[in-house]
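**Q** Take a look at coords_30.txt, compact mmCIF, C-alpha atoms and all ligand atoms:
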```
# COMPACT_ATOMS: atom_id res chain seq x y z
CA PHE A 1 -2.66 -24.70 6.96
CA PRO A 2 -4.41 -25.25 3.67
CA GLY A 3 -2.89 -23.48 0.73
CA PHE A 4 0.38 -22.77 2.46
CA SER A 5 3.78 -24.23 2.02
CA PHE A 6 6.66 -22.77 3.94
CA GLY A 7 8.99 -24.58 1.62
CA TRP A 8 8.47 -21.98 -1.07
CA GLY A 9 11.13 -19.77 0.43
CA VAL A 10 14.01 -21.41 -1.40
CA GLY A 11 14.79 -20.76 -5.03
CA GLY A 12 13.76 -18.27 -7.60
CA GLY A 13 14.83 -15.10 -5.83
CA GLY A 14 16.76 -12.45 -7.56
CA GLY A 15 14.45 -10.14 -9.44
CA SER A 16 15.98 -9.89 -12.86
CA GLY A 17 18.33 -12.76 -12.10
CA SER A 18 22.07 -12.94 -12.15
CA ARG A 19 23.83 -10.29 -14.17
CA ASP A 20 26.28 -12.86 -15.52
CA GLY A 21 24.50 -14.76 -18.24
CA SER A 22 27.14 -17.47 -18.40
CA PHE A 23 25.57 -19.46 -15.62
CA GLY A 24 22.37 -19.78 -17.53
CA GLY A 25 19.73 -17.56 -16.08
CA SER A 26 17.74 -17.70 -12.92
CA GLY A 27 15.26 -20.04 -11.39
CA ASP A 28 15.43 -23.18 -9.36
CA HIS A 29 18.05 -25.04 -11.34
CA SER A 30 21.24 -26.13 -9.68
CA PHE A 31 24.35 -25.16 -11.61
CA GLY A 32 27.31 -25.99 -9.43
CA GLY A 33 25.74 -24.02 -6.65
CA SER A 34 23.76 -25.34 -3.76
CA GLN A 35 20.18 -24.63 -2.81
CA GLY A 36 19.34 -23.88 -6.40
CA TYR A 37 21.37 -20.69 -6.76
CA PRO A 38 23.44 -20.49 -9.90
CA GLY A 39 26.77 -18.85 -9.26
CA LEU A 40 26.76 -18.53 -5.48
CA PHE A 41 27.76 -21.43 -3.26
CA PRO A 42 28.69 -21.85 0.42
CA GLU A 43 32.16 -23.28 -0.27
CA PHE A 44 33.22 -20.32 -2.44
CA TYR A 45 36.14 -19.35 -0.12
CA SER A 46 36.97 -22.80 1.20
CA LEU A 47 40.27 -22.87 -0.74
CA SER A 48 41.05 -19.17 -1.14
CA CYS A 49 40.16 -17.97 2.37
CA PRO A 50 38.91 -20.77 4.61
CA GLN A 51 39.08 -18.56 7.71
CA ALA A 52 36.85 -15.83 6.22
CA ASN A 53 33.81 -16.53 8.36
CA ASP A 54 35.92 -16.96 11.53
CA ILE A 55 37.45 -13.53 10.98
CA VAL A 56 34.01 -11.97 10.46
CA MET A 57 32.68 -13.66 13.59
CA SER A 58 35.58 -12.62 15.79
CA VAL A 59 35.12 -8.95 14.86
CA LEU A 60 31.34 -9.22 15.33
CA GLU A 61 31.70 -10.84 18.74
CA SER A 62 33.76 -8.01 20.17
CA VAL A 63 31.76 -5.24 18.49
CA ILE A 64 28.34 -6.63 19.45
CA ALA A 65 29.45 -7.30 23.04
CA LYS A 66 30.15 -3.55 23.35
CA ASP A 67 27.16 -2.37 21.32
CA PRO A 68 24.38 -4.96 20.97
CA ARG A 69 22.47 -2.70 18.58
CA MET A 70 25.26 -3.08 16.03
CA ALA A 71 23.90 -6.55 15.21
CA ALA A 72 20.66 -4.94 14.07
CA SER A 73 22.46 -2.25 12.12
CA LEU A 74 24.55 -4.79 10.21
CA LEU A 75 21.53 -6.94 9.41
CA ARG A 76 19.79 -3.88 8.00
CA LEU A 77 22.86 -2.91 5.97
CA HIS A 78 22.63 -6.16 3.97
CA PHE A 79 18.92 -5.50 3.30
CA HIS A 80 19.60 -1.95 2.16
CA ASP A 81 22.36 -3.27 -0.09
CA CYS A 82 20.32 -6.05 -1.71
CA PHE A 83 17.26 -3.91 -2.53
CA VAL A 84 19.38 -1.41 -4.46
CA GLN A 85 21.06 -2.83 -7.59
CA GLY A 86 21.25 -6.22 -5.90
CA CYS A 87 23.64 -7.53 -3.22
CA ASP A 88 26.75 -5.83 -4.60
CA ALA A 89 28.00 -3.65 -1.72
CA SER A 90 26.80 -0.51 -3.53
CA VAL A 91 25.54 0.78 -0.16
CA LEU A 92 29.11 0.98 1.13
CA LEU A 93 30.45 3.33 -1.56
CA ASP A 94 31.24 6.92 -0.62
CA ASP A 95 30.62 9.81 -3.02
CA SER A 96 33.04 9.90 -5.94
CA SER A 97 33.48 11.79 -9.19
CA MET A 98 31.67 8.94 -10.96
CA PHE A 99 28.55 8.62 -8.81
CA VAL A 100 26.63 9.86 -5.78
CA SER A 101 26.64 7.64 -2.71
CA GLU A 102 23.47 5.86 -1.49
CA LYS A 103 24.29 6.97 2.02
CA ASN A 104 22.41 10.26 1.67
CA SER A 105 19.20 8.74 0.32
CA GLY A 106 16.03 9.27 2.38
CA PRO A 107 15.96 5.78 3.91
CA ASN A 108 19.70 5.77 4.75
CA SER A 109 20.47 9.31 5.78
CA ASN A 110 20.97 9.82 9.56
CA SER A 111 19.88 6.24 10.01
CA ILE A 112 22.07 3.53 8.57
CA ARG A 113 25.11 2.50 10.63
CA GLY A 114 27.89 -0.06 10.77
CA PHE A 115 30.29 1.17 8.07
CA GLU A 116 33.26 1.26 10.47
CA VAL A 117 32.61 -2.35 11.45
CA ILE A 118 32.64 -3.41 7.80
CA ASP A 119 35.92 -1.47 7.35
CA GLU A 120 37.44 -3.33 10.28
CA ILE A 121 36.35 -6.73 8.95
CA LYS A 122 37.63 -5.83 5.50
CA SER A 123 41.06 -4.76 6.75
CA ARG A 124 41.47 -8.00 8.72
CA LEU A 125 40.43 -10.02 5.66
CA GLU A 126 42.86 -8.08 3.44
CA GLU A 127 45.66 -9.05 5.82
CA ALA A 128 44.68 -12.72 5.85
CA CYS A 129 43.59 -13.16 2.22
CA PRO A 130 44.39 -10.12 0.05
CA GLU A 131 41.88 -9.12 -2.64
CA THR A 132 39.80 -12.24 -2.14
CA VAL A 133 36.66 -11.69 -0.07
CA SER A 134 34.21 -9.21 -1.60
CA CYS A 135 32.50 -6.46 0.37
CA ALA A 136 29.13 -7.81 -0.77
CA ASP A 137 29.94 -11.19 0.81
CA ILE A 138 31.18 -9.46 3.96
CA LEU A 139 27.74 -7.82 4.26
CA ALA A 140 26.02 -11.20 3.85
CA LEU A 141 28.35 -12.88 6.37
CA ALA A 142 27.92 -10.01 8.84
CA ALA A 143 24.12 -10.19 8.53
CA ARG A 144 24.11 -13.92 9.23
CA GLY A 145 26.65 -13.63 12.07
CA SER A 146 24.70 -10.79 13.65
CA THR A 147 21.52 -12.84 13.55
CA VAL A 148 23.23 -15.83 15.16
CA LEU A 149 24.94 -13.74 17.86
CA SER A 150 21.56 -12.17 18.73
CA GLY A 151 20.03 -15.61 19.32
CA GLY A 152 18.47 -16.10 15.89
CA PRO A 153 18.79 -18.91 13.35
CA ASN A 154 21.88 -19.98 11.48
CA TRP A 155 21.89 -20.99 7.81
CA GLU A 156 24.12 -22.19 5.02
CA LEU A 157 25.14 -19.05 3.16
CA PRO A 158 25.84 -19.06 -0.57
CA LEU A 159 28.88 -16.87 -1.38
CA GLY A 160 30.73 -15.51 -4.39
CA ARG A 161 29.10 -12.10 -4.86
CA ARG A 162 31.32 -9.45 -6.40
CA ASP A 163 31.35 -5.72 -5.78
CA ALA A 164 29.67 -3.03 -7.86
CA MET A 165 31.60 -0.26 -9.60
CA GLN A 166 28.78 2.22 -9.02
CA ALA A 167 26.02 3.19 -6.62
CA SER A 168 22.45 4.31 -7.23
CA LEU A 169 20.99 7.10 -5.15
CA SER A 170 17.74 7.02 -7.12
CA GLU A 171 17.21 3.27 -6.60
CA ALA A 172 17.92 3.74 -2.90
CA ASN A 173 15.18 6.37 -2.79
CA ASN A 174 12.72 4.35 -4.88
CA ASN A 175 13.24 0.71 -3.84
CA LEU A 176 13.61 0.87 -0.07
CA PRO A 177 10.20 0.79 1.64
CA PRO A 178 9.21 3.81 3.75
CA PRO A 179 8.00 3.20 7.34
CA ASN A 180 4.49 4.48 6.62
CA SER A 181 3.99 2.09 3.69
CA THR A 182 0.63 0.47 3.07
CA ILE A 183 0.55 -3.31 2.82
CA GLN A 184 0.05 -3.05 -0.96
CA ASN A 185 3.06 -0.79 -1.20
CA LEU A 186 5.19 -3.31 0.74
CA ILE A 187 4.04 -6.23 -1.38
CA THR A 188 4.83 -4.29 -4.56
CA LEU A 189 8.32 -3.28 -3.41
CA PHE A 190 9.16 -6.85 -2.37
CA ARG A 191 7.77 -8.32 -5.61
CA ARG A 192 10.02 -5.98 -7.53
CA GLN A 193 12.91 -7.90 -5.92
CA GLY A 194 11.46 -11.34 -6.61
CA LEU A 195 10.29 -11.70 -3.01
CA ASP A 196 6.77 -12.78 -2.01
CA GLU A 197 4.43 -12.24 0.94
CA VAL A 198 6.08 -15.03 2.93
CA ASP A 199 9.44 -13.29 2.52
CA LEU A 200 7.91 -9.92 3.38
CA VAL A 201 6.51 -11.12 6.69
CA SER A 202 9.44 -13.30 7.73
CA LEU A 203 12.06 -10.69 6.81
CA SER A 204 10.10 -7.99 8.64
CA GLY A 205 10.85 -10.16 11.67
CA ALA A 206 14.35 -8.63 11.54
CA HIS A 207 12.61 -5.83 13.45
CA SER A 208 12.89 -8.20 16.40
CA ILE A 209 16.14 -6.30 17.05
CA GLY A 210 17.23 -2.68 16.77
CA MET A 211 15.81 0.81 17.01
CA ALA A 212 13.90 3.38 15.01
CA ARG A 213 13.96 7.16 15.21
CA CYS A 214 10.93 9.16 16.27
CA THR A 215 10.69 10.60 12.76
CA SER A 216 10.00 7.07 11.46
CA PHE A 217 6.82 6.65 13.52
CA LYS A 218 5.76 10.19 14.52
CA GLN A 219 2.99 10.37 11.94
CA ARG A 220 1.23 7.45 13.66
CA LEU A 221 1.06 9.33 16.94
CA TYR A 222 -0.25 12.68 15.78
CA ASN A 223 -1.67 12.61 12.28
CA GLN A 224 -1.92 9.20 10.68
CA ASP A 225 -4.63 9.98 8.13
CA GLY A 226 -4.40 13.75 7.74
CA ASN A 227 -7.09 14.38 10.39
CA ASN A 228 -4.77 15.08 13.34
CA GLN A 229 -5.67 11.76 14.92
CA PRO A 230 -3.41 8.89 15.99
CA ASP A 231 -3.37 5.57 14.16
CA SER A 232 -6.44 3.73 15.48
CA THR A 233 -4.63 0.37 15.27
CA LEU A 234 -2.09 1.50 17.90
CA GLU A 235 -2.68 0.01 21.37
CA VAL A 236 -3.38 2.85 23.83
CA THR A 237 -0.81 2.27 26.60
CA TYR A 238 1.87 1.77 23.98
CA TYR A 239 0.69 4.92 22.24
CA ASN A 240 1.06 6.87 25.50
CA ASP A 241 4.57 5.49 26.07
CA LEU A 242 5.61 6.40 22.55
CA LYS A 243 4.41 9.98 22.96
CA THR A 244 6.88 10.50 25.81
CA ILE A 245 9.76 9.38 23.57
CA CYS A 246 8.45 11.15 20.51
CA PRO A 247 6.84 14.54 21.23
CA LYS A 248 4.71 16.36 18.70
CA THR A 249 7.47 18.83 17.94
CA GLY A 250 11.18 18.12 18.11
CA GLY A 251 12.86 14.94 19.25
CA ASP A 252 12.99 13.56 15.71
CA ASN A 253 16.21 11.66 16.39
CA ASN A 254 15.07 10.13 19.68
CA ILE A 255 15.06 6.37 19.33
CA SER A 256 12.69 3.64 20.40
CA PRO A 257 13.10 -0.16 20.13
CA LEU A 258 11.30 -1.89 17.29
CA ASP A 259 10.64 -4.75 19.76
CA PHE A 260 10.52 -3.16 23.22
CA GLU A 261 10.20 -6.53 25.00
CA SER A 262 13.55 -7.85 23.77
CA PRO A 263 15.33 -5.25 21.61
CA ALA A 264 18.65 -7.10 21.46
CA ARG A 265 17.34 -10.65 21.27
CA PHE A 266 16.32 -12.12 17.92
CA ASP A 267 13.06 -13.96 18.64
CA ASN A 268 9.39 -13.99 17.59
CA THR A 269 8.29 -11.38 20.14
CA TYR A 270 8.05 -8.89 17.28
CA PHE A 271 5.07 -10.85 15.92
CA LYS A 272 3.44 -11.17 19.34
CA LEU A 273 3.68 -7.39 19.76
CA ILE A 274 1.96 -6.89 16.42
CA MET A 275 -0.83 -9.20 17.61
CA TRP A 276 -1.23 -6.87 20.63
CA GLY A 277 -1.31 -3.66 18.56
CA LYS A 278 2.24 -2.83 19.57
CA GLY A 279 4.07 -2.83 16.28
CA LEU A 280 6.23 0.31 16.14
CA LEU A 281 6.09 1.21 12.45
CA THR A 282 3.03 1.39 10.24
CA SER A 283 4.81 -1.12 8.01
CA ASP A 284 4.98 -3.56 10.95
CA GLN A 285 1.35 -3.21 12.06
CA VAL A 286 -0.17 -3.38 8.56
CA LEU A 287 1.16 -6.92 8.15
CA LEU A 288 -1.75 -7.77 10.45
CA THR A 289 -4.22 -4.94 9.89
CA GLY A 290 -3.73 -4.35 6.18
CA ASN A 291 -6.54 -6.69 5.15
CA VAL A 292 -4.31 -9.06 3.22
CA GLU A 293 -5.20 -12.52 4.41
CA GLU A 294 -1.87 -14.09 3.61
CA THR A 295 0.25 -11.67 5.65
CA MET A 296 -2.30 -11.65 8.49
CA PHE A 297 -2.14 -15.42 8.65
CA LEU A 298 1.67 -15.41 8.66
CA VAL A 299 1.95 -12.89 11.50
CA LYS A 300 -0.24 -15.17 13.62
CA ALA A 301 1.64 -18.29 12.60
CA PHE A 302 5.04 -16.75 13.43
CA ALA A 303 3.73 -15.33 16.73
CA GLU A 304 2.65 -18.82 17.73
CA ASP A 305 5.63 -20.79 16.49
CA ASP A 306 9.14 -19.40 16.84
CA ALA A 307 10.71 -22.43 15.10
CA LEU A 308 8.53 -21.80 12.05
CA PHE A 309 9.64 -18.15 12.02
CA PHE A 310 13.33 -19.06 12.39
CA ASP A 311 13.17 -21.60 9.58
CA GLN A 312 11.40 -19.23 7.21
CA PHE A 313 13.60 -16.26 8.13
CA ALA A 314 16.70 -18.30 7.20
CA ARG A 315 15.18 -19.31 3.86
CA SER A 316 14.11 -15.77 3.05
CA MET A 317 17.52 -14.36 3.98
CA VAL A 318 19.17 -16.74 1.51
CA LYS A 319 16.64 -15.64 -1.10
CA MET A 320 17.19 -11.94 -0.40
CA GLY A 321 20.95 -12.53 -0.48
CA ASN A 322 20.61 -13.83 -4.01
CA ILE A 323 19.09 -10.67 -5.46
CA ASN A 324 20.97 -9.79 -8.63
CA PRO A 325 24.51 -10.66 -7.55
CA LEU A 326 27.53 -9.84 -9.72
CA ILE A 327 29.32 -13.09 -10.43
CA GLY A 328 32.05 -14.50 -12.63
CA TYR A 329 34.04 -11.67 -14.22
CA ASN A 330 31.45 -8.99 -13.49
CA GLY A 331 32.26 -6.33 -10.94
CA GLU A 332 35.40 -6.63 -8.81
CA VAL A 333 36.65 -7.48 -5.35
CA ARG A 334 37.17 -4.09 -3.77
CA LYS A 335 40.28 -3.52 -1.64
CA ASN A 336 38.52 -0.80 0.34
CA CYS A 337 34.75 -1.18 0.68
CA ARG A 338 34.20 2.58 0.45
CA MET A 339 35.64 3.02 -3.05
CA VAL A 340 36.11 1.21 -6.34
CA ASN A 341 39.64 -0.05 -6.99
C1 LIG A 401 9.21 -4.45 5.19
C2 LIG A 401 9.65 -3.24 4.94
C3 LIG A 401 10.58 -2.50 5.86
C4 LIG A 401 10.45 -1.22 6.26
C5 LIG A 401 9.35 -0.26 5.85
C6 LIG A 401 11.53 -0.94 7.15
C7 LIG A 401 11.77 0.29 7.75
C8 LIG A 401 12.66 0.50 8.76
C9 LIG A 401 12.81 1.74 9.46
C10 LIG A 401 12.05 3.02 9.17
C11 LIG A 401 13.74 1.56 10.42
C12 LIG A 401 14.22 2.58 11.44
C13 LIG A 401 15.17 3.54 10.78
C14 LIG A 401 15.41 4.78 11.60
O1 LIG A 401 14.45 5.35 12.11
O2 LIG A 401 16.59 5.20 11.71
C15 LIG A 401 14.20 0.20 10.33
C16 LIG A 401 15.14 -0.37 11.14
C17 LIG A 401 15.61 -1.65 10.97
N1 LIG A 401 15.31 -2.50 9.93
FE1 LIG A 401 13.78 -2.31 8.65
N2 LIG A 401 12.30 -2.05 7.28
C18 LIG A 401 11.76 -3.04 6.50
C19 LIG A 401 12.29 -4.30 6.31
C20 LIG A 401 13.44 -4.76 6.88
C21 LIG A 401 14.14 -5.96 6.49
C22 LIG A 401 13.73 -6.86 5.34
C23 LIG A 401 15.22 -6.07 7.31
C24 LIG A 401 16.30 -7.11 7.32
C25 LIG A 401 16.16 -8.33 6.86
C26 LIG A 401 15.18 -4.95 8.22
C27 LIG A 401 16.05 -4.73 9.26
C28 LIG A 401 16.00 -3.66 10.11
C29 LIG A 401 16.75 -3.57 11.35
C30 LIG A 401 17.59 -4.69 11.94
C31 LIG A 401 16.52 -2.30 11.88
C32 LIG A 401 17.15 -1.69 13.13
C33 LIG A 401 18.46 -1.05 12.72
C34 LIG A 401 19.26 -0.38 13.84
O3 LIG A 401 18.88 -0.43 15.00
O4 LIG A 401 20.31 0.22 13.49
N3 LIG A 401 14.12 -4.16 7.91
N4 LIG A 401 13.53 -0.42 9.30
CA CA A 402 23.34 -2.89 -3.67
```
Now, as a test, write the supplied structure out as structure tokens.
**A**
Amino acid sequence: FPGFSFGWGVGGGGGSGSRDGSFGGSGDHSFGGSQGYPGLFPEFYSLSCPQANDIVMSVLESVIAKDPRMAASLLRLHFHDCFVQGCDASVLLDDSSMFVSEKNSGPNSNSIRGFEVIDEIKSRLEEACPETVSCADILALAARGSTVLSGGPNWELPLGRRDAMQASLSEANNNLPPPNSTIQNLITLFRRQGLDEVDLVSLSGAHSIGMARCTSFKQRLYNQDGNNQPDSTLEVTYYNDLKTICPKTGGDNNISPLDFESPARFDNTYFKLIMWGKGLLTSDQVLLTGNVEETMFLVKAFAEDDALFFDQFARSMVKMGNINPLIGYNGEVRKNCRMVN
């Protein structure tokens, strides 16, 4: 694979870097952290709350056994947190007199789920280790645990994020990619977060699990380019199936799997489906059809090699999890993830 190194995934994430200058900026240097992330490190709770991950996993196990889709919803929650103000649990805040919640933004409204599960994890952690484990770290732990419990990769997870004192509705509306994005649009939105094309394609592989509403892909079925025609890159039998789930009028909240072959199993089928013209969202299919050689190449590589996908997904998740964290004395550890202390 000339010109490609899948090792690039580690290091350098974080957009504008850490908000606490005391650790000396961003980049690939190792300051007391591991994997080149200043400030965050996997052992962060090993003295103050060694059982933190076990508590998260025990809640996830029972919740996901009852509702397998919840794994997908929790994975997405971490993404929607990190792309808005960084991984600071801003997405969990309810409306207050000080700010408007991110929950009613376009990408989140009627769509994002899992808040009750985070509440349950938080209350168990408050019993075991009061005022110790941040909501932002709970989101990162829940995203990793959900991936593992769905059959995906495991990874060493840097911890020590603190929680924001405010939310940003406007960033939620502007930074989270819409489902009908062009490839250029996706690349731009990921770059804004310090993520590259390799991260874009591997992280899109999260769509190996979970569901999307009809409203998120309807345009492809009936009027992709303003000429009342379907998206020509959509495979025809799949197109016909989708029309039964998503009629021309109504049914906007009907849901369809992002990976209909294995909607609850984290695997590389998502990429194989894209190869067959069966990506559900425009943003999925354009990774192959968007005429960007790098992303095209990566879709093929991940479709052919699940181990390569797993390895890169883990690296890119660590990188995404490092976007602009609050560390040191910045932010706080919330007692209730829905409100500032
Ligand atoms: C590349 C740009 C992306 C776009 C345009 C996008 C868009 C979407 C949309 C529109 C949905 C369905 C929402 C609905 O209809 O209710 C969705 C679901 C989902 N997304 Fe993404 N997404 C992107 C990247 C990511 C990333 C980076 C992750 C995580 C690492 C992720 C994880 C998920 C998951 C797991 C679901 C299913 C959630 C559930 O079933 O509750 N997505 N995404
Ligand atoms: Ca956030």
**Q** With all atoms listed in the file counted and 12 Å as the cut-off, give the residues of range 144-240 of chain A in contact with range 90-111 of chain A, each with its shortest interatomic distance in Å and the pair that gives it, as JSON lines.
**A**
```
{"residue": "A:Arg161", "atom": "CA", "partner": "A:Ser90", "partner_atom": "CA", "distance": 11.9}
{"residue": "A:Arg162", "atom": "CA", "partner": "A:Ser90", "partner_atom": "CA", "distance": 10.4}
{"residue": "A:Asp163", "atom": "CA", "partner": "A:Ser90", "partner_atom": "CA", "distance": 7.3}
{"residue": "A:Ala164", "atom": "CA", "partner": "A:Ser90", "partner_atom": "CA", "distance": 5.8}
{"residue": "A:Met165", "atom": "CA", "partner": "A:Ser90", "partner_atom": "CA", "distance": 7.7}
{"residue": "A:Gln166", "atom": "CA", "partner": "A:Phe99", "partner_atom": "CA", "distance": 6.4}
{"residue": "A:Ala167", "atom": "CA", "partner": "A:Ser90", "partner_atom": "CA", "distance": 4.9}
{"residue": "A:Ser168", "atom": "CA", "partner": "A:Glu102", "partner_atom": "CA", "distance": 6.0}
{"residue": "A:Leu169", "atom": "CA", "partner": "A:Glu102", "partner_atom": "CA", "distance": 4.6}
{"residue": "A:Ser170", "atom": "CA", "partner": "A:Ser105", "partner_atom": "CA", "distance": 7.8}
{"residue": "A:Glu171", "atom": "CA", "partner": "A:Glu102", "partner_atom": "CA", "distance": 8.5}
{"residue": "A:Ala172", "atom": "CA", "partner": "A:Ser105", "partner_atom": "CA", "distance": 6.1}
{"residue": "A:Asn173", "atom": "CA", "partner": "A:Ser105", "partner_atom": "CA", "distance": 5.6}
{"residue": "A:Asn174", "atom": "CA", "partner": "A:Gly106", "partner_atom": "CA", "distance": 9.4}
{"residue": "A:Asn175", "atom": "CA", "partner": "A:Pro107", "partner_atom": "CA", "distance": 9.7}
{"residue": "A:Leu176", "atom": "CA", "partner": "A:Pro107", "partner_atom": "CA", "distance": 6.7}
{"residue": "A:Pro177", "atom": "CA", "partner": "A:Pro107", "partner_atom": "CA", "distance": 8.0}
{"residue": "A:Pro178", "atom": "CA", "partner": "A:Pro107", "partner_atom": "CA", "distance": 7.0}
{"residue": "A:Pro179", "atom": "CA", "partner": "A:Pro107", "partner_atom": "CA", "distance": 9.0}
{"residue": "A:Asn180", "atom": "CA", "partner": "A:Pro107", "partner_atom": "CA", "distance": 11.9}
{"residue": "A:Gly210", "atom": "CA", "partner": "A:Ser111", "partner_atom": "CA", "distance": 11.5}
{"residue": "A:Met211", "atom": "CA", "partner": "A:Ser111", "partner_atom": "CA", "distance": 9.7}
{"residue": "A:Ala212", "atom": "CA", "partner": "A:Ser111", "partner_atom": "CA", "distance": 8.3}
{"residue": "A:Arg213", "atom": "CA", "partner": "A:Ser111", "partner_atom": "CA", "distance": 7.9}
{"residue": "A:Cys214", "atom": "CA", "partner": "A:Ser111", "partner_atom": "CA", "distance": 11.3}
{"residue": "A:Thr215", "atom": "CA", "partner": "A:Ser111", "partner_atom": "CA", "distance": 10.5}
{"residue": "A:Ser216", "atom": "CA", "partner": "A:Pro107", "partner_atom": "CA", "distance": 9.7}
```
**Q** Give me a file of those residues, with C-alpha atoms, as an mmCIF file, keeping the file's coordinate frame.
**A**
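After the write, again_34.cif holds the following:
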```cif
data_model
loop_
_atom_site.group_PDB
_atom_site.id
_atom_site.type_symbol
_atom_site.label_atom_id
_atom_site.label_comp_id
_atom_site.auth_asym_id
_atom_site.auth_seq_id
_atom_site.Cartn_x
_atom_site.Cartn_y
_atom_site.Cartn_z
ATOM 1 C CA ARG A 161 29.100 -12.100 -4.860
ATOM 2 C CA ARG A 162 31.320 -9.450 -6.400
ATOM 3 C CA ASP A 163 31.350 -5.720 -5.780
ATOM 4 C CA ALA A 164 29.670 -3.030 -7.860
ATOM 5 C CA MET A 165 31.600 -0.260 -9.600
ATOM 6 C CA GLN A 166 28.780 2.220 -9.020
ATOM 7 C CA ALA A 167 26.020 3.190 -6.620
ATOM 8 C CA SER A 168 22.450 4.310 -7.230
ATOM 9 C CA LEU A 169 20.990 7.100 -5.150
ATOM 10 C CA SER A 170 17.740 7.020 -7.120
ATOM 11 C CA GLU A 171 17.210 3.270 -6.600
ATOM 12 C CA ALA A 172 17.920 3.740 -2.900
ATOM 13 C CA ASN A 173 15.180 6.370 -2.790
ATOM 14 C CA ASN A 174 12.720 4.350 -4.880
ATOM 15 C CA ASN A 175 13.240 0.710 -3.840
ATOM 16 C CA LEU A 176 13.610 0.870 -0.070
ATOM 17 C CA PRO A 177 10.200 0.790 1.640
ATOM 18 C CA PRO A 178 9.210 3.810 3.750
ATOM 19 C CA PRO A 179 8.000 3.200 7.340
ATOM 20 C CA ASN A 180 4.490 4.480 6.620
ATOM 21 C CA GLY A 210 17.230 -2.680 16.770
ATOM 22 C CA MET A 211 15.810 0.810 17.010
ATOM 23 C CA ALA A 212 13.900 3.380 15.010
ATOM 24 C CA ARG A 213 13.960 7.160 15.210
ATOM 25 C CA CYS A 214 10.930 9.160 16.270
ATOM 26 C CA THR A 215 10.690 10.600 12.760
ATOM 27 C CA SER A 216 10.000 7.070 11.460
#
```
**Q** Using all atoms listed in the file, find each protein or nucleic acid residue lying at most 6 Å from ligand CA 402 (chain A); present the set as a compact mmCIF listing (two decimals) with C-alpha atoms, keeping the file's coordinate frame.
**A**
```txt
# COMPACT_ATOMS: atom_id res chain seq x y z
CA ASP A 81 22.36 -3.27 -0.09
CA CYS A 82 20.32 -6.05 -1.71
CA VAL A 84 19.38 -1.41 -4.46
CA GLN A 85 21.06 -2.83 -7.59
CA GLY A 86 21.25 -6.22 -5.90
CA CYS A 87 23.64 -7.53 -3.22
CA ASP A 88 26.75 -5.83 -4.60
CA ALA A 89 28.00 -3.65 -1.72
CA SER A 90 26.80 -0.51 -3.53
CA VAL A 91 25.54 0.78 -0.16
```
**Q** Quick one, how far is CA of Thr282 in chain A from CA of Leu186 in chain A?
**A**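 Separation between CA of Thr282 in chain A and CA of Leu186 in chain A: 10.8 Å.
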**Q** Just the residues within 12 Å of Val299 in chain A, please, counting only C-alpha atoms, with nothing from its chain fewer than 6 positions along; format it as a PyMOL selection string.
**A** chain A and resi 197-205+268-276+279+284-290+292-293+305-306+308-309
**Q** By how many Å are CA of Tyr45 in chain A and CA of Val318 in chain A apart?
**A** 17.2 Å
**Q** Using only C-alpha atoms and a cutoff of 10 Å, can you tell me which residues are near (22.1, -11.4, 18.3) in the file's coordinates, and write them out as a PyMOL selection string?
**A** chain A and resi 60-61+64-65+68-72+75+144-153+208-209+263-267
**Q** Show me, as a list of chain:residue names, the residues that have an atom within 10 Å of Val56 in chain A when counting all atoms listed in the file, minus same-chain residues fewer than 2 positions from it.
**A**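 Everything that qualifies: A:Gln51, A:Ala52, A:Asn53, A:Asp54, A:Ser58, A:Val59, A:Leu60, A:Glu61, A:Val117, A:Ile118, A:Glu120, A:Ile121, A:Lys122, A:Arg124, A:Leu125, A:Ile138, A:Leu139, A:Leu141, A:Ala142, A:Gly145, A:Ser146.
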**Q** Work out how far CA of Ala303 in chain A is from CA of Cys246 in chain A, in Å to one decimal.
**A**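 Computing the Euclidean distance for CA of Cys246 in chain A and CA of Ala303 in chain A yields 27.2 Å.
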**Q** When you count all atoms listed in the file, which of these residues is closest to Ala143 in chain A: A:Leu157, A:Ile183, A:Ile323, A:Cys337?
**A**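 Among the listed residues, the smallest separation from Ala143 in chain A belongs to A:Leu157.
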**Q** Just want the 9 Å neighbourhood of Tyr239 in chain A, counted on all atoms listed in the file, with same-chain residues fewer than 5 positions away dropped. Output as a list in words.
**A**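 Everything that qualifies: Arg220, Leu221, Pro230, Leu234 and Lys278 of chain A.
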**Q** Could you work out an axis-aligned bounding box for all listed atoms of ligand LIG 401 (chain A), with 8 Å added on each of the six sides, and give its centre and edge lengths in Å to one decimal, as JSON?
**A**
```
{"center_x": 14.8, "center_y": -1.5, "center_z": 10.0, "size_x": 27.1, "size_y": 29.7, "size_z": 26.1}
```
**Q** So, with all atoms listed in the file as the atoms that count, which of A:Glu126, A:Asp252, A:Glu156, A:Asp119 lies closest to ligand LIG 401 (chain A)?
**A**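 That would be A:Asp252, the residue with the smallest distance to ligand LIG 401 (chain A).
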**Q** Need to verify the contact set: Cys49 in chain A, 9 Å, all atoms listed in the file, exclusion of same-chain residues closer than 5 positions in sequence. Can you return it as a ChimeraX atom specification?
**A** /A:44,125,128-129,132-133
